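Asker: I'm passing along query-v8.txt; it holds compact mmCIF, C-alpha atoms.
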```txt
# COMPACT_ATOMS: atom_id res chain seq x y z
CA MET X 1 -27.68 -5.25 48.92
CA ALA X 2 -25.04 -6.01 46.30
CA SER X 3 -26.11 -7.41 42.99
CA LYS X 4 -25.04 -10.91 42.18
CA THR X 5 -21.91 -11.19 40.06
CA LYS X 6 -22.36 -13.50 37.10
CA LEU X 7 -19.40 -15.81 36.69
CA SER X 8 -17.73 -16.02 33.30
CA LEU X 9 -17.44 -19.33 31.48
CA GLY X 10 -13.73 -19.40 32.33
CA ASP X 11 -14.46 -18.89 36.03
CA LYS X 12 -17.00 -21.70 36.00
CA ILE X 13 -14.55 -24.06 34.29
CA LYS X 14 -11.87 -23.27 36.88
CA ARG X 15 -14.30 -23.89 39.72
CA ASN X 16 -15.49 -27.17 38.23
CA ILE X 17 -11.91 -28.37 37.79
CA PHE X 18 -11.22 -27.45 41.40
CA ALA X 19 -14.34 -29.35 42.53
CA LEU X 20 -12.89 -32.47 40.88
CA TYR X 21 -9.55 -31.86 42.58
CA ARG X 22 -11.28 -31.46 45.94
CA LYS X 23 -13.14 -34.74 45.42
CA SER X 24 -9.86 -36.55 44.70
CA VAL X 25 -8.06 -35.03 47.71
CA THR X 26 -11.01 -35.89 49.96
CA LYS X 27 -10.98 -39.49 48.80
CA ARG X 28 -7.25 -39.82 49.64
CA HIS X 29 -7.56 -37.76 52.88
CA GLU X 30 -3.84 -37.66 53.57
CA LEU X 31 -3.00 -35.97 56.88
CA ASN X 32 -0.38 -33.27 56.35
CA TYR X 33 -1.20 -30.65 58.99
CA LEU X 34 -1.84 -31.30 62.67
CA PHE X 35 -2.81 -28.82 65.39
CA TRP X 36 -1.78 -29.60 68.96
CA GLU X 37 -3.69 -27.65 71.59
CA CYS X 38 -0.98 -28.04 74.22
CA THR X 39 -2.73 -25.89 76.84
CA LEU X 40 -5.95 -23.99 77.51
CA ARG X 41 -4.18 -21.53 79.78
CA CYS X 42 -3.70 -18.04 78.40
CA ASN X 43 -2.10 -14.84 79.67
CA LEU X 44 -4.57 -12.64 77.79
CA ASN X 45 -8.33 -12.24 77.97
CA CYS X 46 -9.16 -11.31 74.38
CA ARG X 47 -12.66 -10.16 73.49
CA HIS X 48 -12.85 -12.40 70.44
CA CYS X 49 -11.35 -15.64 71.76
CA GLY X 50 -13.04 -18.59 70.05
CA SER X 51 -11.91 -21.01 72.77
CA ASP X 52 -12.76 -18.78 75.76
CA CYS X 53 -9.33 -19.50 77.29
CA LEU X 54 -8.49 -18.35 80.80
CA LYS X 55 -5.39 -17.64 82.88
CA SER X 56 -6.00 -20.87 84.78
CA SER X 57 -7.79 -23.75 83.09
CA GLY X 58 -9.74 -26.61 84.60
CA ILE X 59 -8.10 -28.85 82.02
CA LYS X 60 -4.45 -29.67 82.67
CA ASP X 61 -1.78 -29.17 80.02
CA MET X 62 -1.31 -32.29 77.94
CA PRO X 63 1.94 -34.09 78.82
CA ILE X 64 4.44 -34.25 75.97
CA GLU X 65 4.61 -38.02 76.35
CA ASP X 66 0.91 -38.34 75.56
CA PHE X 67 1.21 -36.25 72.40
CA ALA X 68 4.36 -38.17 71.40
CA ARG X 69 2.26 -41.33 71.14
CA VAL X 70 0.10 -39.52 68.59
CA LEU X 71 3.23 -38.64 66.61
CA ASP X 72 4.34 -42.28 66.70
CA SER X 73 0.96 -43.39 65.38
CA ILE X 74 1.19 -40.87 62.53
CA LYS X 75 4.78 -41.80 61.67
CA SER X 76 3.96 -45.49 61.41
CA LYS X 77 0.61 -45.28 59.60
CA ASN X 78 0.26 -41.98 57.71
CA THR X 79 0.54 -42.16 53.92
CA ALA X 80 1.79 -38.55 53.71
CA LYS X 81 5.21 -38.41 55.36
CA ASN X 82 5.66 -34.61 55.32
CA LEU X 83 3.65 -33.54 58.36
CA ALA X 84 3.66 -30.02 59.80
CA VAL X 85 2.66 -29.64 63.46
CA ALA X 86 1.24 -26.34 64.70
CA ILE X 87 1.49 -25.95 68.48
CA THR X 88 -1.23 -23.67 69.78
CA GLY X 89 -3.49 -23.11 72.77
CA GLY X 90 -4.49 -21.18 74.78
CA GLU X 91 -1.09 -19.57 74.71
CA PRO X 92 1.64 -22.16 74.09
CA LEU X 93 4.44 -19.98 75.50
CA VAL X 94 3.02 -20.30 79.02
CA ARG X 95 4.61 -23.76 78.91
CA ASP X 96 8.35 -23.90 79.60
CA ASP X 97 8.82 -27.28 77.89
CA LEU X 98 7.99 -26.41 74.27
CA GLU X 99 11.61 -26.97 73.35
CA LYS X 100 11.34 -30.58 74.49
CA ALA X 101 8.09 -30.99 72.54
CA GLY X 102 9.70 -29.49 69.46
CA MET X 103 12.64 -31.90 69.62
CA GLU X 104 10.23 -34.84 69.89
CA ILE X 105 8.50 -33.63 66.72
CA ILE X 106 11.81 -33.14 64.88
CA ARG X 107 13.09 -36.54 66.05
CA ARG X 108 10.20 -38.17 64.18
CA GLY X 109 10.98 -36.30 60.98
CA PHE X 110 8.20 -33.72 61.14
CA SER X 111 8.36 -29.91 61.14
CA TRP X 112 6.76 -27.64 63.71
CA GLY X 113 5.72 -24.08 64.40
CA ILE X 114 3.65 -22.17 66.94
CA VAL X 115 0.74 -19.76 66.98
CA THR X 116 1.30 -17.23 69.75
CA ASN X 117 0.16 -13.88 71.11
CA ALA X 118 3.90 -13.15 71.65
CA LEU X 119 3.45 -11.65 75.12
CA LEU X 120 6.12 -14.00 76.49
CA LEU X 121 8.38 -14.07 73.43
CA SER X 122 11.80 -12.66 74.31
CA GLU X 123 14.85 -12.81 72.07
CA GLU X 124 16.28 -15.47 74.39
CA ARG X 125 13.16 -17.67 74.21
CA PHE X 126 13.01 -17.30 70.45
CA ARG X 127 16.62 -18.50 70.13
CA SER X 128 15.87 -21.45 72.40
CA LEU X 129 12.86 -22.44 70.28
CA ARG X 130 14.85 -22.12 67.07
CA LYS X 131 17.55 -24.44 68.44
CA SER X 132 14.78 -26.97 69.07
CA GLY X 133 13.74 -26.93 65.43
CA LEU X 134 11.08 -24.19 65.28
CA SER X 135 10.62 -23.32 61.60
CA SER X 136 7.45 -21.22 61.52
CA MET X 137 5.56 -18.79 63.71
CA SER X 138 2.27 -16.90 63.50
CA VAL X 139 1.51 -13.88 65.66
CA SER X 140 -1.57 -11.68 65.89
CA LEU X 141 -1.62 -7.94 65.38
CA ASP X 142 -5.18 -6.67 65.33
CA GLY X 143 -4.62 -3.07 64.34
CA LEU X 144 -2.50 -0.20 65.49
CA GLU X 145 -2.00 0.30 69.21
CA GLU X 146 -5.46 1.50 70.26
CA GLN X 147 -7.44 -1.10 68.33
CA HIS X 148 -5.06 -3.96 69.09
CA THR X 149 -5.26 -3.14 72.80
CA TYR X 150 -9.06 -2.96 72.58
CA LEU X 151 -9.27 -6.57 71.38
CA ARG X 152 -6.41 -7.98 73.47
CA ARG X 153 -7.23 -6.01 76.66
CA ASN X 154 -3.59 -5.69 77.71
CA PRO X 155 -1.63 -2.42 77.31
CA LYS X 156 1.67 -4.31 76.89
CA SER X 157 0.44 -6.55 74.09
CA PHE X 158 0.97 -4.18 71.16
CA GLN X 159 4.62 -3.47 71.83
CA THR X 160 5.44 -7.10 72.57
CA VAL X 161 3.91 -8.20 69.26
CA VAL X 162 5.81 -5.49 67.38
CA SER X 163 9.05 -6.60 69.06
CA ALA X 164 8.29 -10.21 68.09
CA ILE X 165 7.68 -9.15 64.48
CA GLU X 166 11.05 -7.42 64.41
CA ILE X 167 12.79 -10.53 65.78
CA MET X 168 11.06 -12.80 63.26
CA ALA X 169 11.64 -10.48 60.31
CA GLU X 170 15.35 -10.36 61.03
CA GLU X 171 15.52 -14.15 61.37
CA HIS X 172 13.68 -14.62 58.08
CA ARG X 173 15.97 -12.12 56.36
CA LYS X 174 19.01 -14.12 57.47
CA ASN X 175 17.49 -17.56 56.82
CA PRO X 176 14.54 -17.27 54.40
CA GLN X 177 14.37 -21.02 53.69
CA GLY X 178 14.74 -22.15 57.29
CA PHE X 179 12.23 -19.86 59.01
CA ILE X 180 8.93 -18.41 57.84
CA PHE X 181 6.37 -16.29 59.68
CA ASP X 182 3.17 -14.42 59.14
CA VAL X 183 0.96 -11.90 60.90
CA ILE X 184 -2.74 -12.55 61.55
CA THR X 185 -5.30 -9.76 61.88
CA CYS X 186 -8.85 -10.26 63.11
CA VAL X 187 -11.02 -7.64 61.44
CA HIS X 188 -14.08 -6.04 63.05
CA ARG X 189 -15.94 -2.76 62.71
CA GLY X 190 -13.48 -0.90 64.92
CA ASN X 191 -10.28 -1.66 63.01
CA LEU X 192 -11.56 -1.91 59.42
CA ALA X 193 -10.86 1.73 58.58
CA GLU X 194 -7.22 1.58 59.67
CA LEU X 195 -6.28 -1.47 57.60
CA PRO X 196 -4.45 0.65 54.97
CA GLU X 197 -2.30 2.25 57.68
CA LEU X 198 -1.68 -1.12 59.29
CA ARG X 199 -0.65 -2.48 55.89
CA ASP X 200 2.04 0.16 55.50
CA PHE X 201 3.18 -0.42 59.08
CA LEU X 202 3.62 -4.15 58.45
CA ILE X 203 5.49 -3.57 55.19
CA GLN X 204 7.81 -1.15 56.98
CA LYS X 205 8.48 -3.81 59.63
CA GLY X 206 9.51 -6.35 57.00
CA VAL X 207 6.41 -8.57 57.08
CA GLY X 208 6.02 -10.53 53.85
CA ASP X 209 2.91 -12.60 54.62
CA TRP X 210 -0.32 -11.35 56.18
CA ARG X 211 -3.58 -13.21 56.88
CA ILE X 212 -6.91 -11.59 57.62
CA PHE X 213 -9.75 -13.26 59.50
CA SER X 214 -13.22 -11.91 60.13
CA ILE X 215 -14.44 -12.64 63.65
CA PHE X 216 -17.09 -15.35 63.88
CA PRO X 217 -19.41 -15.85 66.89
CA SER X 218 -17.75 -18.65 68.84
CA GLY X 219 -16.53 -18.88 72.44
CA ARG X 220 -16.12 -15.47 74.03
CA ALA X 221 -16.75 -13.80 70.66
CA ALA X 222 -20.34 -15.03 70.80
CA SER X 223 -21.09 -12.51 73.56
CA GLU X 224 -19.24 -9.63 71.90
CA ASP X 225 -20.84 -7.87 68.93
CA LEU X 226 -17.74 -7.71 66.72
CA SER X 227 -18.97 -9.09 63.41
CA LEU X 228 -18.99 -7.06 60.19
CA SER X 229 -22.15 -5.99 58.41
CA PRO X 230 -22.47 -7.14 54.78
CA GLU X 231 -21.41 -3.68 53.61
CA LYS X 232 -18.33 -3.68 55.86
CA TYR X 233 -17.54 -7.25 54.85
CA ARG X 234 -17.48 -6.23 51.19
CA GLN X 235 -15.25 -3.27 52.09
CA MET X 236 -12.81 -5.68 53.72
CA MET X 237 -12.80 -7.91 50.64
CA ASP X 238 -12.15 -4.94 48.36
CA PHE X 239 -9.26 -3.91 50.58
CA ILE X 240 -7.76 -7.41 50.41
CA ALA X 241 -8.11 -7.57 46.63
CA GLU X 242 -6.52 -4.14 46.25
CA THR X 243 -3.68 -4.95 48.65
CA ARG X 244 -2.66 -8.05 46.71
CA SER X 245 -1.34 -5.76 43.95
CA TYR X 246 -0.42 -2.81 46.20
CA ARG X 247 3.07 -1.28 46.30
CA ASN X 248 4.15 1.56 48.57
CA GLU X 249 6.32 4.50 47.51
CA GLU X 250 9.41 2.29 47.79
CA GLY X 251 7.86 -0.37 45.56
CA LYS X 252 7.33 -2.81 48.43
CA GLY X 253 4.20 -4.89 48.93
CA ILE X 254 2.82 -7.60 51.18
CA HIS X 255 1.29 -10.99 50.37
CA LEU X 256 -2.22 -10.89 51.85
CA ASN X 257 -4.74 -13.72 52.01
CA TYR X 258 -8.20 -13.93 53.48
CA SER X 259 -8.70 -16.92 55.77
CA CYS X 260 -10.16 -20.22 54.60
CA GLU X 261 -13.52 -19.47 56.22
CA GLY X 262 -16.03 -19.72 53.40
CA TYR X 263 -16.88 -19.54 49.71
CA LEU X 264 -16.52 -15.98 48.36
CA GLY X 265 -18.24 -16.10 44.98
CA SER X 266 -16.65 -13.60 42.60
CA TYR X 267 -13.96 -12.80 45.18
CA GLU X 268 -12.49 -16.29 44.93
CA LEU X 269 -8.82 -15.95 43.89
CA LYS X 270 -9.11 -12.17 44.23
CA ALA X 271 -8.92 -12.28 48.03
CA ARG X 272 -6.69 -15.35 48.46
CA ASP X 273 -4.39 -17.67 46.54
CA PHE X 274 -6.71 -20.66 46.55
CA PHE X 275 -10.33 -21.63 46.02
CA PHE X 276 -12.33 -22.20 49.18
CA PHE X 277 -11.77 -25.70 50.54
CA CYS X 278 -12.54 -26.60 54.16
CA ARG X 279 -9.80 -29.20 54.68
CA GLY X 280 -10.83 -30.08 58.24
CA GLY X 281 -10.80 -33.86 58.54
CA ILE X 282 -9.43 -34.14 54.99
CA ASN X 283 -5.84 -32.90 55.32
CA VAL X 284 -6.05 -31.16 58.70
CA GLY X 285 -6.50 -32.81 62.09
CA SER X 286 -6.14 -31.75 65.69
CA VAL X 287 -5.56 -33.02 69.18
CA MET X 288 -7.32 -30.92 71.80
CA CYS X 289 -5.98 -30.34 75.28
CA ASP X 290 -8.29 -32.98 76.78
CA GLY X 291 -7.26 -35.52 74.14
CA SER X 292 -10.24 -35.03 71.84
CA ILE X 293 -9.55 -35.67 68.15
CA SER X 294 -11.08 -33.30 65.62
CA ALA X 295 -10.29 -31.12 62.59
CA CYS X 296 -8.84 -27.63 63.02
CA LEU X 297 -9.23 -26.28 66.54
CA SER X 298 -12.07 -23.97 65.54
CA VAL X 299 -14.22 -27.07 64.93
CA ARG X 300 -15.26 -27.83 68.50
CA GLY X 301 -18.88 -28.99 68.20
CA ARG X 302 -19.64 -32.34 69.80
CA ASP X 303 -20.84 -33.79 66.49
CA PHE X 304 -17.38 -33.29 65.04
CA ILE X 305 -15.30 -34.87 67.80
CA GLN X 306 -14.08 -38.15 66.30
CA GLY X 307 -12.47 -39.83 69.30
CA ASN X 308 -9.91 -39.31 72.04
CA ILE X 309 -6.21 -40.17 72.15
CA TYR X 310 -6.65 -41.70 75.63
CA THR X 311 -9.03 -44.34 74.30
CA ASP X 312 -8.25 -44.48 70.56
CA ASP X 313 -5.25 -44.71 68.27
CA PHE X 314 -5.04 -41.42 66.39
CA MET X 315 -4.40 -42.81 62.90
CA ASP X 316 -7.04 -45.51 63.32
CA VAL X 317 -9.48 -42.69 63.98
CA TRP X 318 -8.14 -40.69 61.02
CA ASN X 319 -8.51 -43.62 58.64
CA THR X 320 -11.89 -44.96 59.77
CA ARG X 321 -13.90 -41.99 61.03
CA TYR X 322 -14.32 -38.33 59.95
CA GLN X 323 -17.13 -39.35 57.58
CA ASN X 324 -19.18 -36.24 58.41
CA MET X 325 -16.26 -34.05 57.34
CA ARG X 326 -15.49 -35.92 54.13
CA ASP X 327 -19.11 -36.25 53.04
CA ARG X 328 -20.88 -32.95 53.56
CA SER X 329 -24.26 -34.00 52.16
CA TRP X 330 -25.78 -33.57 55.64
CA ALA X 331 -25.22 -29.80 55.29
CA LYS X 332 -27.33 -29.52 52.13
CA LYS X 333 -30.44 -28.26 53.86
CA GLY X 334 -32.31 -24.98 54.29
CA LYS X 335 -30.84 -22.23 52.10
CA CYS X 336 -27.90 -24.45 51.18
CA ALA X 337 -30.21 -26.99 49.52
CA LYS X 338 -31.36 -24.38 47.00
CA CYS X 339 -28.02 -22.64 46.47
CA LYS X 340 -26.56 -22.80 42.96
CA SER X 341 -23.05 -22.52 44.43
CA TRP X 342 -23.37 -25.65 46.60
CA LYS X 343 -20.90 -27.73 44.58
CA TRP X 344 -18.20 -25.09 45.14
CA CYS X 345 -19.08 -24.26 48.75
CA ASN X 346 -20.34 -27.51 50.33
CA GLY X 347 -22.06 -25.62 53.12
CA ASN X 348 -19.24 -23.28 54.20
CA GLY X 349 -16.58 -23.90 56.88
CA LEU X 350 -17.18 -26.59 59.50
CA HIS X 351 -16.28 -24.19 62.31
CA LEU X 352 -19.51 -22.28 61.62
CA TYR X 353 -21.68 -25.22 62.73
CA ASP X 354 -22.63 -25.86 66.35
CA THR X 355 -24.14 -29.22 65.37
CA MET X 356 -24.87 -31.13 62.19
CA SER X 357 -28.54 -30.22 62.51
CA SER X 358 -27.97 -26.48 62.88
CA PRO X 359 -27.44 -24.03 60.01
CA PRO X 360 -24.04 -22.33 59.60
CA ALA X 361 -23.58 -19.18 61.68
CA HIS X 362 -23.54 -17.15 58.48
CA CYS X 363 -23.15 -17.42 54.73
CA ASN X 364 -20.17 -15.55 53.31
CA LEU X 365 -21.63 -15.54 49.81
CA GLU X 366 -24.90 -14.08 51.07
CA MET X 367 -22.99 -11.33 52.87
CA LEU X 368 -21.17 -10.46 49.65
CA GLU X 369 -23.87 -10.84 47.04
CA GLY X 370 -27.23 -11.09 48.75
CA ASN X 371 -29.25 -14.33 48.56
CA PRO X 372 -27.08 -16.78 46.58
```
Would it be possible to restate this file's structure as structure tokens?
Answerer:
Amino acid sequence: MASKTKLSLGDKIKRNIFALYRKSVTKRHELNYLFWECTLRCNLNCRHCGSDCLKSSGIKDMPIEDFARVLDSIKSKNTAKNLAVAITGGEPLVRDDLEKAGMEIIRRGFSWGIVTNALLLSEERFRSLRKSGLSSMSVSLDGLEEQHTYLRRNPKSFQTVVSAIEIMAEEHRKNPQGFIFDVITCVHRGNLAELPELRDFLIQKGVGDWRIFSIFPSGRAASEDLSLSPEKYRQMMDFIAETRSYRNEEGKGIHLNYSCEGYLGSYELKARDFFFFCRGGINVGSVMCDGSISACLSVRGRDFIQGNIYTDDFMDVWNTRYQNMRDRSWAKKGKCAKCKSWKWCNGNGLHLYDTMSSPPAHCNLEMLEGNP
């Protein structure tokens, strides 16, 4: 078990200032990022899928017209006018009408991007999406070929993702202000050791931004033992911290951030650009495929569903509900009630709760430093 790291006075001051900032942002709760789960269909069967998506879903794809009404509600009532829409799934590219959806988003003055496994991303489709206003894209590469294939369970997936990275890197090189992209890696015990080699591979491919997630037990991942032990989790954090100042023999590096999952104690700002802040229901909202309104799409517990677009106006819900995401006092129980880091953590990420009465699936700080 690691010994606890005592924070310096400067670190404590920074965290306290950030806690005040978080309180102010929460009070304003301006919506500036919206996930649209446009489908639950997926052409992969990944071991770690948090949504347990299938090739054919019992829930139909949401019609663009239905989502457009959400956009109209946001345009007319949202105090923050610069909204970014992330189209995700399932696998959004199984739909052949994303271009139409993208143009509806652009027509209302918002920007949009997609999160994709890239299995269906050809050069031709990419060009079509770009013409429809696509300005950002995130793809997943979960290791080199053997480990990526292990998680994604499709022998074609690795090469298609690499091809997509090459397409995106070239587009970003030609138009760095008009198109941005990043690569997401889900870390588990099997691919942890090859992260340094994967880092050099991504740099060689022209990737500038990289995000690392650790797999949490949700959806299909709940039945697969893919989580990291505390020792392995600390190894991952040390790798991230080291990579943020790493340069290869040619002097090239990569901008790496750990996900927004939880409070990291002494690793805050060493493993990512920002202090931990679960913005679900504060700046981030979502529309699920069945119309449910929530925070980010990893927050799927029934207690956190705020309404449904087929019975409620989206912005009315945003402005009058979400209390359990903006006031986290309900989470101050069990170990959290006694934790000295509560004011900086607020009970970890919402996606780690099945219900408001359950404890979080794990404590990141405890994994890093023992009992907080």
Asker: Give me, as a PDB file with C-alpha atoms, in the coordinates of the input, all polymer residues having an atom no more than 9 Å from Glu104 in chain X, counting all atoms listed in the file and skipping those fewer than 5 positions away in the same chain.
Answerer:
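Just written: selection-v4.pdb:
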```pdb
ATOM      1  CA  ILE X  64       4.440 -34.250  75.970  1.00  0.00           C
ATOM      2  CA  ALA X  68       4.360 -38.170  71.400  1.00  0.00           C
ATOM      3  CA  LEU X  71       3.230 -38.640  66.610  1.00  0.00           C
ATOM      4  CA  GLU X  99      11.610 -26.970  73.350  1.00  0.00           C
TER       5      GLU X  99
END
```
Asker: Give me, as CSV, the closest atom pair and its distance (Å, one decimal) for every residue of range 87-133 of chain X within a cut-off of 12 Å of range 281-300 of chain X, counting only C-alpha atoms, rows sorted by chain and rising number.
Answerer:
```
residue,atom,partner,partner_atom,distance
X:Ile87,CA,X:Ser286,CA,10.0
X:Thr88,CA,X:Leu297,CA,9.0
X:Gly89,CA,X:Cys289,CA,8.0
X:Gly90,CA,X:Cys289,CA,9.3
X:Glu91,CA,X:Cys289,CA,11.8
X:Pro92,CA,X:Cys289,CA,11.2
X:Val115,CA,X:Leu297,CA,11.9
```
Asker: Restricting the calculation to only C-alpha atoms, which member of X:Ile114, X:Val207, X:Leu40, X:Leu202 is positioned closest to Arg173 in chain X?
Answerer: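 Among the listed residues, the smallest separation from Arg173 in chain X belongs to X:Val207.
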Asker: Between CA of Cys363 in chain X and CA of Thr185 in chain X, what is the distance, to one decimal in Å?
Answerer: 20.7 Å
Asker: How many Å separate CA of Ile17 in chain X from CA of Glu261 in chain X?
Answerer: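 The value is 20.5 Å.
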Asker: Please determine, counting all atoms listed in the file, which residue among X:Asp72, X:Glu268, X:Asp273, X:Asp313 has the shortest atom-to-atom distance to Arg15 in chain X.
Answerer: X:Glu268
Asker: Within 9 Å of Tyr267 in chain X, counting only C-alpha atoms, which residues show up once you throw out same-chain ones fewer than 5 positions away? Write them as number ranges by chain, please.
Answerer: X: 237-238, 241, 272, 368
Asker: May I have the residues within 10 Å of Ser341 in chain X as a ChimeraX atom specification, using only C-alpha atoms and disregarding those fewer than 5 positions away in the same chain?
Answerer: /X:263,265,336,346-347,365,372
Asker: Please provide as number ranges by chain all residues within 7 Å of Ser214 in chain X, with the sequence filter that same-chain residues fewer than 3 positions apart are discarded (counting only C-alpha atoms).
Answerer: X: 186-188
Asker: Expressed in Å to a single decimal, how great is the separation between CA of Ser136 in chain X and CA of Gly113 in chain X?
Answerer: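 Computing it gives 4.4 Å between the two atoms.
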Asker: Using all atoms listed in the file, can you tell me which of X:Leu195, X:Arg321, X:Lys335, X:Phe126 comes closest to Glu170 in chain X?
Answerer: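 Using all atoms listed in the file, Glu170 in chain X sits closest to X:Phe126.
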